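Listing of start_24.csv; format and content: CSV, C-alpha atoms and all ligand atoms.
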```csv
chain,number,residue,atom,x,y,z
J,257,MET,CA,169.8,-39.7,-158.2
J,258,ASN,CA,173.2,-38.4,-159.4
J,259,LYS,CA,175.9,-37.2,-157.1
J,260,GLN,CA,175.4,-33.5,-158.0
J,261,SER,CA,171.7,-33.6,-157.2
J,262,LEU,CA,172.3,-35.5,-154.0
J,263,SER,CA,174.8,-32.9,-152.7
J,264,SER,CA,172.4,-30.1,-153.7
J,265,ASP,CA,169.5,-31.7,-152.0
J,266,ARG,CA,171.6,-32.2,-148.9
J,267,ALA,CA,172.8,-28.6,-148.9
J,268,ASN,CA,169.2,-27.6,-148.8
J,269,THR,CA,167.9,-30.0,-146.2
J,270,SER,CA,170.8,-30.2,-143.6
J,271,CYS,CA,169.3,-30.0,-140.2
J,272,ALA,CA,170.7,-27.5,-137.7
J,273,VAL,CA,171.0,-29.6,-134.5
J,274,SER,CA,172.2,-27.5,-131.6
J,275,SER,CA,173.4,-30.6,-129.6
J,276,PRO,CA,177.1,-31.1,-129.4
J,277,VAL,CA,176.8,-34.9,-129.4
J,278,VAL,CA,178.0,-36.9,-132.4
J,279,VAL,CA,177.3,-40.7,-131.9
J,280,ALA,CA,180.0,-42.9,-133.4
J,281,LEU,CA,178.3,-45.7,-135.3
J,282,ASP,CA,181.1,-48.2,-135.2
J,283,TYR,CA,179.5,-51.3,-136.6
J,284,PRO,CA,180.4,-54.1,-139.1
J,285,ASP,CA,177.3,-53.7,-141.3
J,286,GLN,CA,174.5,-51.4,-142.4
J,287,GLN,CA,171.8,-53.3,-140.5
J,288,GLN,CA,173.4,-52.9,-137.1
J,289,ALA,CA,174.2,-49.3,-137.8
J,290,LEU,CA,170.7,-48.4,-138.9
J,291,ALA,CA,169.2,-50.3,-136.0
J,292,MET,CA,171.2,-48.1,-133.6
J,293,ALA,CA,170.4,-44.9,-135.6
J,294,GLY,CA,166.7,-45.9,-135.3
J,295,LEU,CA,167.0,-45.7,-131.5
J,296,LEU,CA,168.5,-42.2,-131.7
J,297,ASN,CA,166.8,-38.9,-132.3
J,298,PRO,CA,168.3,-36.7,-135.1
J,299,ALA,CA,167.0,-33.6,-133.2
J,300,GLN,CA,169.3,-34.6,-130.3
J,301,CYS,CA,172.5,-35.8,-132.0
J,302,ARG,CA,174.5,-36.2,-135.2
J,303,VAL,CA,176.1,-39.5,-136.2
J,304,LYS,CA,179.6,-40.5,-137.3
J,305,VAL,CA,180.5,-43.1,-139.9
J,306,GLY,CA,184.0,-44.4,-139.6
J,307,LYS,CA,186.4,-46.8,-141.4
J,308,GLU,CA,184.7,-50.0,-140.3
J,309,LEU,CA,181.2,-49.1,-141.3
J,310,PHE,CA,182.1,-47.3,-144.5
J,311,THR,CA,184.3,-50.1,-145.7
J,312,ALA,CA,181.6,-52.6,-145.1
J,313,ALA,CA,178.5,-50.7,-146.2
J,314,GLY,CA,179.8,-48.1,-148.7
J,315,PRO,CA,178.3,-44.8,-149.6
J,316,ALA,CA,174.8,-46.2,-149.4
J,317,ILE,CA,175.0,-45.9,-145.6
J,318,ILE,CA,175.4,-42.2,-145.8
J,319,GLU,CA,172.3,-41.8,-147.9
J,320,SER,CA,170.3,-44.1,-145.5
J,321,LEU,CA,171.3,-42.0,-142.5
J,322,HIS,CA,170.4,-38.8,-144.4
J,323,HIS,CA,167.0,-40.2,-145.1
J,324,LEU,CA,166.6,-40.8,-141.3
J,325,GLY,CA,167.3,-37.1,-140.8
J,326,PHE,CA,170.9,-37.2,-139.5
J,327,ASP,CA,173.8,-35.0,-140.3
J,328,VAL,CA,176.8,-37.3,-140.9
J,329,PHE,CA,180.4,-36.9,-140.0
J,330,LEU,CA,182.4,-39.1,-142.4
J,331,ASP,CA,185.4,-40.0,-140.2
J,332,LEU,CA,187.8,-41.6,-142.7
J,333,LYS,CA,190.9,-39.5,-141.6
J,334,PHE,CA,192.4,-39.2,-145.1
J,335,HIS,CA,196.2,-39.1,-145.1
J,336,ASP,CA,197.9,-39.3,-148.6
J,337,ILE,CA,199.7,-37.2,-151.2
J,338,PRO,CA,197.9,-33.9,-151.8
J,339,ASN,CA,196.2,-34.8,-155.0
J,340,THR,CA,194.8,-38.2,-153.7
J,341,CYS,CA,193.7,-36.6,-150.4
J,342,ALA,CA,192.0,-33.7,-152.2
J,343,LYS,CA,190.1,-36.0,-154.6
J,344,ALA,CA,188.9,-38.2,-151.7
J,345,VAL,CA,187.7,-35.2,-149.7
J,346,GLY,CA,185.9,-34.0,-152.9
J,347,ALA,CA,184.2,-37.3,-153.2
J,348,ALA,CA,183.0,-37.0,-149.6
J,349,ALA,CA,181.6,-33.6,-150.3
J,350,GLU,CA,179.6,-35.1,-153.2
J,351,LEU,CA,178.0,-37.5,-150.7
J,352,GLY,CA,176.5,-34.5,-148.9
J,353,VAL,CA,178.2,-35.2,-145.6
J,354,TRP,CA,178.2,-32.5,-142.8
J,355,MET,CA,181.8,-33.0,-141.8
J,356,VAL,CA,184.9,-34.8,-143.2
J,357,ASN,CA,188.4,-35.1,-141.9
J,358,VAL,CA,192.1,-35.6,-142.9
J,359,HIS,CA,195.2,-36.2,-140.8
J,360,ALA,CA,196.9,-32.9,-140.1
J,361,SER,CA,200.2,-34.7,-140.1
J,362,GLY,CA,199.8,-35.1,-143.8
J,363,GLY,CA,201.1,-31.5,-143.9
J,364,ARG,CA,200.3,-28.0,-145.1
J,365,ARG,CA,200.2,-28.8,-148.9
J,366,MET,CA,197.9,-31.8,-148.4
J,367,MET,CA,195.5,-29.8,-146.2
J,368,GLU,CA,195.5,-26.8,-148.6
J,369,ALA,CA,194.8,-29.1,-151.6
J,370,ALA,CA,191.8,-30.7,-149.7
J,371,ARG,CA,190.4,-27.3,-148.8
J,372,ASN,CA,190.8,-26.0,-152.3
J,373,GLU,CA,189.0,-29.1,-153.7
J,374,ILE,CA,185.9,-28.7,-151.5
J,375,GLU,CA,185.7,-25.0,-152.2
J,376,LYS,CA,184.8,-26.1,-155.8
J,377,LYS,CA,181.8,-28.2,-154.7
J,378,SER,CA,178.2,-27.1,-154.5
J,379,HIS,CA,178.0,-28.7,-151.0
J,380,ARG,CA,180.9,-27.7,-148.7
J,381,PRO,CA,181.3,-29.9,-145.7
J,382,LEU,CA,183.2,-28.8,-142.6
J,383,LEU,CA,186.8,-29.9,-143.1
J,384,ILE,CA,188.6,-30.9,-140.0
J,385,GLY,CA,192.3,-31.9,-139.2
J,386,VAL,CA,193.1,-34.8,-136.9
J,387,THR,CA,195.9,-33.8,-134.5
J,388,VAL,CA,197.0,-36.6,-132.1
J,389,LEU,CA,194.6,-39.6,-131.7
J,390,THR,CA,192.9,-39.6,-128.3
J,391,SER,CA,194.1,-43.2,-127.8
J,392,MET,CA,197.7,-41.9,-127.7
J,393,GLU,CA,199.7,-40.9,-124.7
J,394,ARG,CA,203.3,-39.7,-124.3
J,395,ALA,CA,204.8,-43.2,-124.6
J,396,ASP,CA,203.0,-43.8,-127.9
J,397,LEU,CA,204.4,-40.6,-129.3
J,398,ALA,CA,207.9,-41.6,-128.1
J,399,ASP,CA,207.5,-44.9,-130.1
J,400,ILE,CA,207.0,-42.9,-133.3
J,401,GLY,CA,210.0,-40.6,-132.6
J,402,LEU,CA,208.2,-37.7,-130.9
J,403,ASP,CA,209.6,-37.4,-127.4
J,404,ILE,CA,207.1,-34.7,-126.4
J,405,ASP,CA,203.8,-34.4,-124.5
J,406,PRO,CA,200.7,-34.9,-126.7
J,407,GLN,CA,199.6,-31.4,-126.0
J,408,VAL,CA,202.7,-29.9,-127.6
J,409,GLN,CA,202.1,-31.9,-130.9
J,410,VAL,CA,198.3,-31.1,-130.7
J,411,GLU,CA,199.0,-27.3,-130.5
J,412,ARG,CA,201.6,-27.5,-133.3
J,413,LEU,CA,199.2,-29.4,-135.6
J,414,ALA,CA,196.2,-27.2,-134.7
J,415,ILE,CA,198.1,-24.0,-135.7
J,416,LEU,CA,199.2,-25.7,-139.0
J,417,THR,CA,195.6,-26.8,-139.6
J,418,GLU,CA,194.2,-23.3,-139.0
J,419,GLN,CA,196.9,-21.7,-141.2
J,420,SER,CA,195.9,-24.3,-144.0
J,421,GLY,CA,192.4,-22.9,-144.0
J,422,LEU,CA,190.5,-25.8,-142.4
J,423,ASP,CA,187.6,-25.3,-140.1
J,424,GLY,CA,188.9,-27.0,-137.0
J,425,VAL,CA,190.6,-30.0,-135.4
J,426,VAL,CA,190.0,-33.4,-133.8
J,427,CYS,CA,191.7,-33.4,-130.4
J,428,SER,CA,191.0,-34.4,-126.9
J,429,ALA,CA,188.8,-32.2,-124.7
J,430,GLN,CA,191.9,-31.8,-122.5
J,431,GLU,CA,193.6,-29.6,-125.2
J,432,VAL,CA,190.6,-27.4,-126.1
J,433,ALA,CA,191.7,-24.4,-123.9
J,434,LEU,CA,195.2,-24.5,-125.5
J,435,ILE,CA,193.7,-24.6,-129.0
J,436,ARG,CA,191.3,-21.7,-128.3
J,437,ALA,CA,194.3,-19.6,-127.1
J,438,ALA,CA,196.3,-20.5,-130.2
J,439,CYS,CA,193.7,-20.5,-132.9
J,440,GLY,CA,190.9,-18.3,-131.7
J,441,PRO,CA,187.2,-18.8,-130.8
J,442,LYS,CA,185.8,-19.6,-134.2
J,443,PHE,CA,188.2,-22.6,-134.8
J,444,LEU,CA,186.1,-25.8,-134.2
J,445,THR,CA,187.1,-28.5,-131.8
J,446,VAL,CA,185.8,-32.0,-132.3
J,447,THR,CA,186.6,-34.3,-129.3
J,448,PRO,CA,186.4,-38.0,-129.0
J,449,GLY,CA,187.7,-39.6,-125.8
J,450,ILE,CA,184.5,-38.6,-124.0
J,451,ARG,CA,183.7,-40.8,-121.0
J,452,PRO,CA,180.7,-40.2,-118.7
J,453,GLU,CA,181.4,-41.1,-115.0
J,454,GLY,CA,181.4,-44.8,-114.4
J,455,THR,CA,181.9,-45.8,-118.1
J,456,GLU,CA,184.9,-47.8,-119.3
J,457,GLN,CA,187.9,-45.9,-120.7
J,458,GLY,CA,188.8,-48.8,-123.1
J,459,ASP,CA,191.6,-47.9,-125.5
J,460,GLN,CA,191.1,-44.2,-125.0
J,461,ARG,CA,193.9,-42.3,-123.1
J,462,ARG,CA,193.2,-38.6,-123.1
J,463,VAL,CA,189.6,-38.5,-121.7
J,464,LEU,CA,187.1,-36.1,-120.0
J,465,THR,CA,183.5,-36.4,-119.0
J,466,PRO,CA,180.8,-34.7,-121.1
J,467,LEU,CA,180.4,-31.9,-118.5
J,468,GLN,CA,184.2,-31.4,-118.2
J,469,ALA,CA,184.3,-31.2,-122.0
J,470,GLN,CA,181.5,-28.7,-122.2
J,471,ASN,CA,183.2,-26.6,-119.5
J,472,ALA,CA,186.4,-26.7,-121.6
J,473,GLY,CA,184.4,-25.2,-124.5
J,474,VAL,CA,184.4,-28.1,-127.0
J,475,ASN,CA,182.1,-27.6,-130.0
J,476,TYR,CA,181.4,-31.3,-130.8
J,477,MET,CA,181.7,-34.4,-128.6
J,478,VAL,CA,182.2,-37.7,-130.4
J,479,ILE,CA,180.8,-40.5,-128.2
J,480,GLY,CA,180.6,-44.1,-129.3
J,481,ARG,CA,180.7,-47.1,-126.9
J,482,PRO,CA,179.3,-45.2,-123.8
J,483,ILE,CA,176.1,-44.8,-125.9
J,484,THR,CA,176.1,-47.7,-128.4
J,485,GLN,CA,177.0,-50.4,-125.8
J,486,ALA,CA,174.7,-49.1,-123.1
J,487,SER,CA,171.7,-51.3,-122.2
J,488,ASP,CA,169.5,-48.4,-123.3
J,489,PRO,CA,171.4,-46.3,-125.9
J,490,ALA,CA,168.6,-43.7,-126.2
J,491,LEU,CA,168.5,-43.2,-122.4
J,492,ALA,CA,172.3,-43.0,-122.3
J,493,CYS,CA,172.3,-40.2,-124.9
J,494,GLU,CA,169.5,-38.4,-123.1
J,495,GLN,CA,171.4,-38.6,-119.8
J,496,ILE,CA,174.5,-37.2,-121.4
J,497,LEU,CA,172.5,-34.3,-122.8
J,498,ALA,CA,170.8,-33.8,-119.4
J,499,SER,CA,174.2,-33.6,-117.7
J,500,LEU,CA,175.1,-30.7,-120.0
J,501,SER,CA,172.0,-28.6,-119.3
R,601,LIG,O1,191.5,-39.1,-132.1
R,601,LIG,C1,190.5,-39.8,-132.3
R,601,LIG,C2,189.9,-39.7,-133.6
R,601,LIG,C3,188.8,-40.5,-133.8
R,601,LIG,N1,188.2,-41.3,-132.8
R,601,LIG,C4,187.0,-42.0,-133.2
R,601,LIG,O2,186.0,-41.6,-132.3
R,601,LIG,C5,185.2,-42.7,-131.8
R,601,LIG,C6,185.3,-42.8,-130.3
R,601,LIG,O3,184.5,-43.9,-129.9
R,601,LIG,P1,184.4,-44.4,-128.4
R,601,LIG,O4,183.7,-45.7,-128.5
R,601,LIG,O5,183.6,-43.3,-127.7
R,601,LIG,O6,185.8,-44.5,-127.9
R,601,LIG,C7,185.7,-43.9,-132.6
R,601,LIG,O7,184.9,-44.1,-133.7
R,601,LIG,C8,187.1,-43.5,-133.1
R,601,LIG,O8,187.4,-44.1,-134.3
R,601,LIG,C9,188.8,-41.3,-131.6
R,601,LIG,O9,188.4,-42.1,-130.7
R,601,LIG,N2,189.9,-40.6,-131.4
```

Translate the structure described by the file into structure tokens.
Amino acid sequence: MNKQSLSSDRANTSCAVSSPVVVALDYPDQQQALAMAGLLNPAQCRVKVGKELFTAAGPAIIESLHHLGFDVFLDLKFHDIPNTCAKAVGAAAELGVWMVNVHASGGRRMMEAARNEIEKKSHRPLLIGVTVLTSMERADLADIGLDIDPQVQVERLAILTEQSGLDGVVCSAQEVALIRAACGPKFLTVTPGIRPEGTEQGDQRRVLTPLQAQNAGVNYMVIGRPITQASDPALACEQILASLS
């Protein structure tokens, strides 16, 4: 199947999951990722493919997850000169992914180029800008020369992302109210750093529980280890969904 027909097929078959949960498949190979996907229900969640899995398994993993019925967020956080970033985002669109992202700190011209590139494609994924990684706190920003609270930089980059014509941002759930006020109700918020009560925070710093995130108004919650490292991942996912209803 060529790329064009793949993206056309995907545009026609993309499922409309109402669940906000996106499970991060952070695995070193296709076998482990597909084993986890096989435990999950595509009617209850979407899945995310990040740098580790995509580098190890390549575009074939996207096609395999589509065949299982999942919408896929390709989380490669492109950050490059405008032409290079735009072409990468265009290639992601041709894989038929549901969502793709770039670093908002790549700037206005980079984000506009990415947006213009996917507008040309027959399948148009959601295009999202990463603001400040949820693993970062104020001290981490100071290390890179930004002596400000994360929320100040998140708001600044969210406004720039919205002005650049993207669909939304990756941020922590803690900043969603701020972004709603600055960018309006239609601008999407995609929030990693979700930690159900009693689960380990790990390297995340700006966290909320699923219920707190829902109450804050997030559109999509990216959840990895609290589901994938649970003794029963399917049950963990169901318990998170139950906590939201
Ligand atoms: O700011 C960001 C952007 C992306 N991520 C990604 O989300 C998941 C989170 O996984 P957990 O195991 O639930 O911590 C992971 O794939 C990150 O690469 C993020 O955490 N923060």

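Of note, CA of Leu383 (chain J) and CA of Met366 (chain J) are spaced 12.4 Å apart.
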
Next on the checklist: Using all atoms listed in the file, which residues of the polymer chains come no farther than 10 Å from ligand LIG 601 (chain R)? I'd like the answer as a ChimeraX atom specification.
Outcome noted: /J:278-283,304-309,331-333,357,359,385-392,425-428,446-452,456-463,477-485

Item to check | Atomic separation - CA of Leu413 (chain J) relative to CA of Glu393 (chain J), Å | outcome: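 That distance, rounded to one decimal, is 15.9 Å.
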
Checklist entry - Which polymer residues have any atom within 12 Å of an atom of Asn471 (chain J), counting only C-alpha atoms, with same-chain residues fewer than 2 positions away left out, as number ranges by chain? => result J: 429-430, 432-433, 464-469, 473-475, 499-501

Item to check | Residue among J:Leu290, J:Leu497, J:Cys301, J:Asp403 lying closest to Leu324 (chain J), counting all atoms listed in the file | outcome: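 Among J:Leu290, J:Leu497, J:Cys301, J:Asp403, it is J:Leu290 that comes nearest to Leu324 (chain J).
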
Checklist entry - Taking into account all atoms listed in the file, which residue in the set J:Pro315, J:Pro406, J:Gly325, J:Gly401 is nearest to Leu434 (chain J)? => result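 Comparing J:Pro315, J:Pro406, J:Gly325, J:Gly401 against Leu434 (chain J), the winner is J:Pro406.
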
Item to check | Separation of CA of Ile496 (chain J) from CA of Val358 (chain J) in Å | outcome: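 Calculated distance between CA of Val358 (chain J) and CA of Ile496 (chain J) is 27.8 Å.
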
Item to check | Distance criterion (all atoms listed in the file): nearest to Ile435 (chain J) out of J:Glu411, J:Asp423, J:Glu453, J:Glu418 | outcome: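 With all atoms listed in the file as the atom set, the closest residue is J:Glu411.
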
Checklist entry - Pick from J:Leu444, J:Ala291, J:Ala347, J:Cys341: nearest to Tyr476 (chain J), with only C-alpha atoms counted? => result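 Distance minimum relative to Tyr476 (chain J) lands on J:Leu444.
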
Checklist entry - Counting only C-alpha atoms, which of J:Ile404, J:Ala438, J:Leu422, J:Leu296 gets nearest to Met355 (chain J)? => result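 For Met355 (chain J), the nearest of the given residues is J:Leu422.
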
Checklist entry - Which of these, J:Gly440, J:Glu368, J:Leu382, J:Glu373, has the shortest distance to Gly421 (chain J) once you count all atoms listed in the file? => result J:Glu368

Checklist entry - Can you list, as a PyMOL selection string, every protein, DNA or RNA residue that comes within 9 Å of Gln300 (chain J) when you count all atoms listed in the file, leaving out same-chain residues fewer than 4 positions away? => result chain J and resi 273-277+296+493-494+497

Pull C-alpha atoms from the residues just selected and write them as an mmCIF file, in the frame of the given file.
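The new file selection21.cif reads:
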```
data_model
loop_
_atom_site.group_PDB
_atom_site.id
_atom_site.type_symbol
_atom_site.label_atom_id
_atom_site.label_comp_id
_atom_site.auth_asym_id
_atom_site.auth_seq_id
_atom_site.Cartn_x
_atom_site.Cartn_y
_atom_site.Cartn_z
ATOM 1 C CA VAL J 273 171.000 -29.600 -134.500
ATOM 2 C CA SER J 274 172.200 -27.500 -131.600
ATOM 3 C CA SER J 275 173.400 -30.600 -129.600
ATOM 4 C CA PRO J 276 177.100 -31.100 -129.400
ATOM 5 C CA VAL J 277 176.800 -34.900 -129.400
ATOM 6 C CA LEU J 296 168.500 -42.200 -131.700
ATOM 7 C CA CYS J 493 172.300 -40.200 -124.900
ATOM 8 C CA GLU J 494 169.500 -38.400 -123.100
ATOM 9 C CA LEU J 497 172.500 -34.300 -122.800
#
```
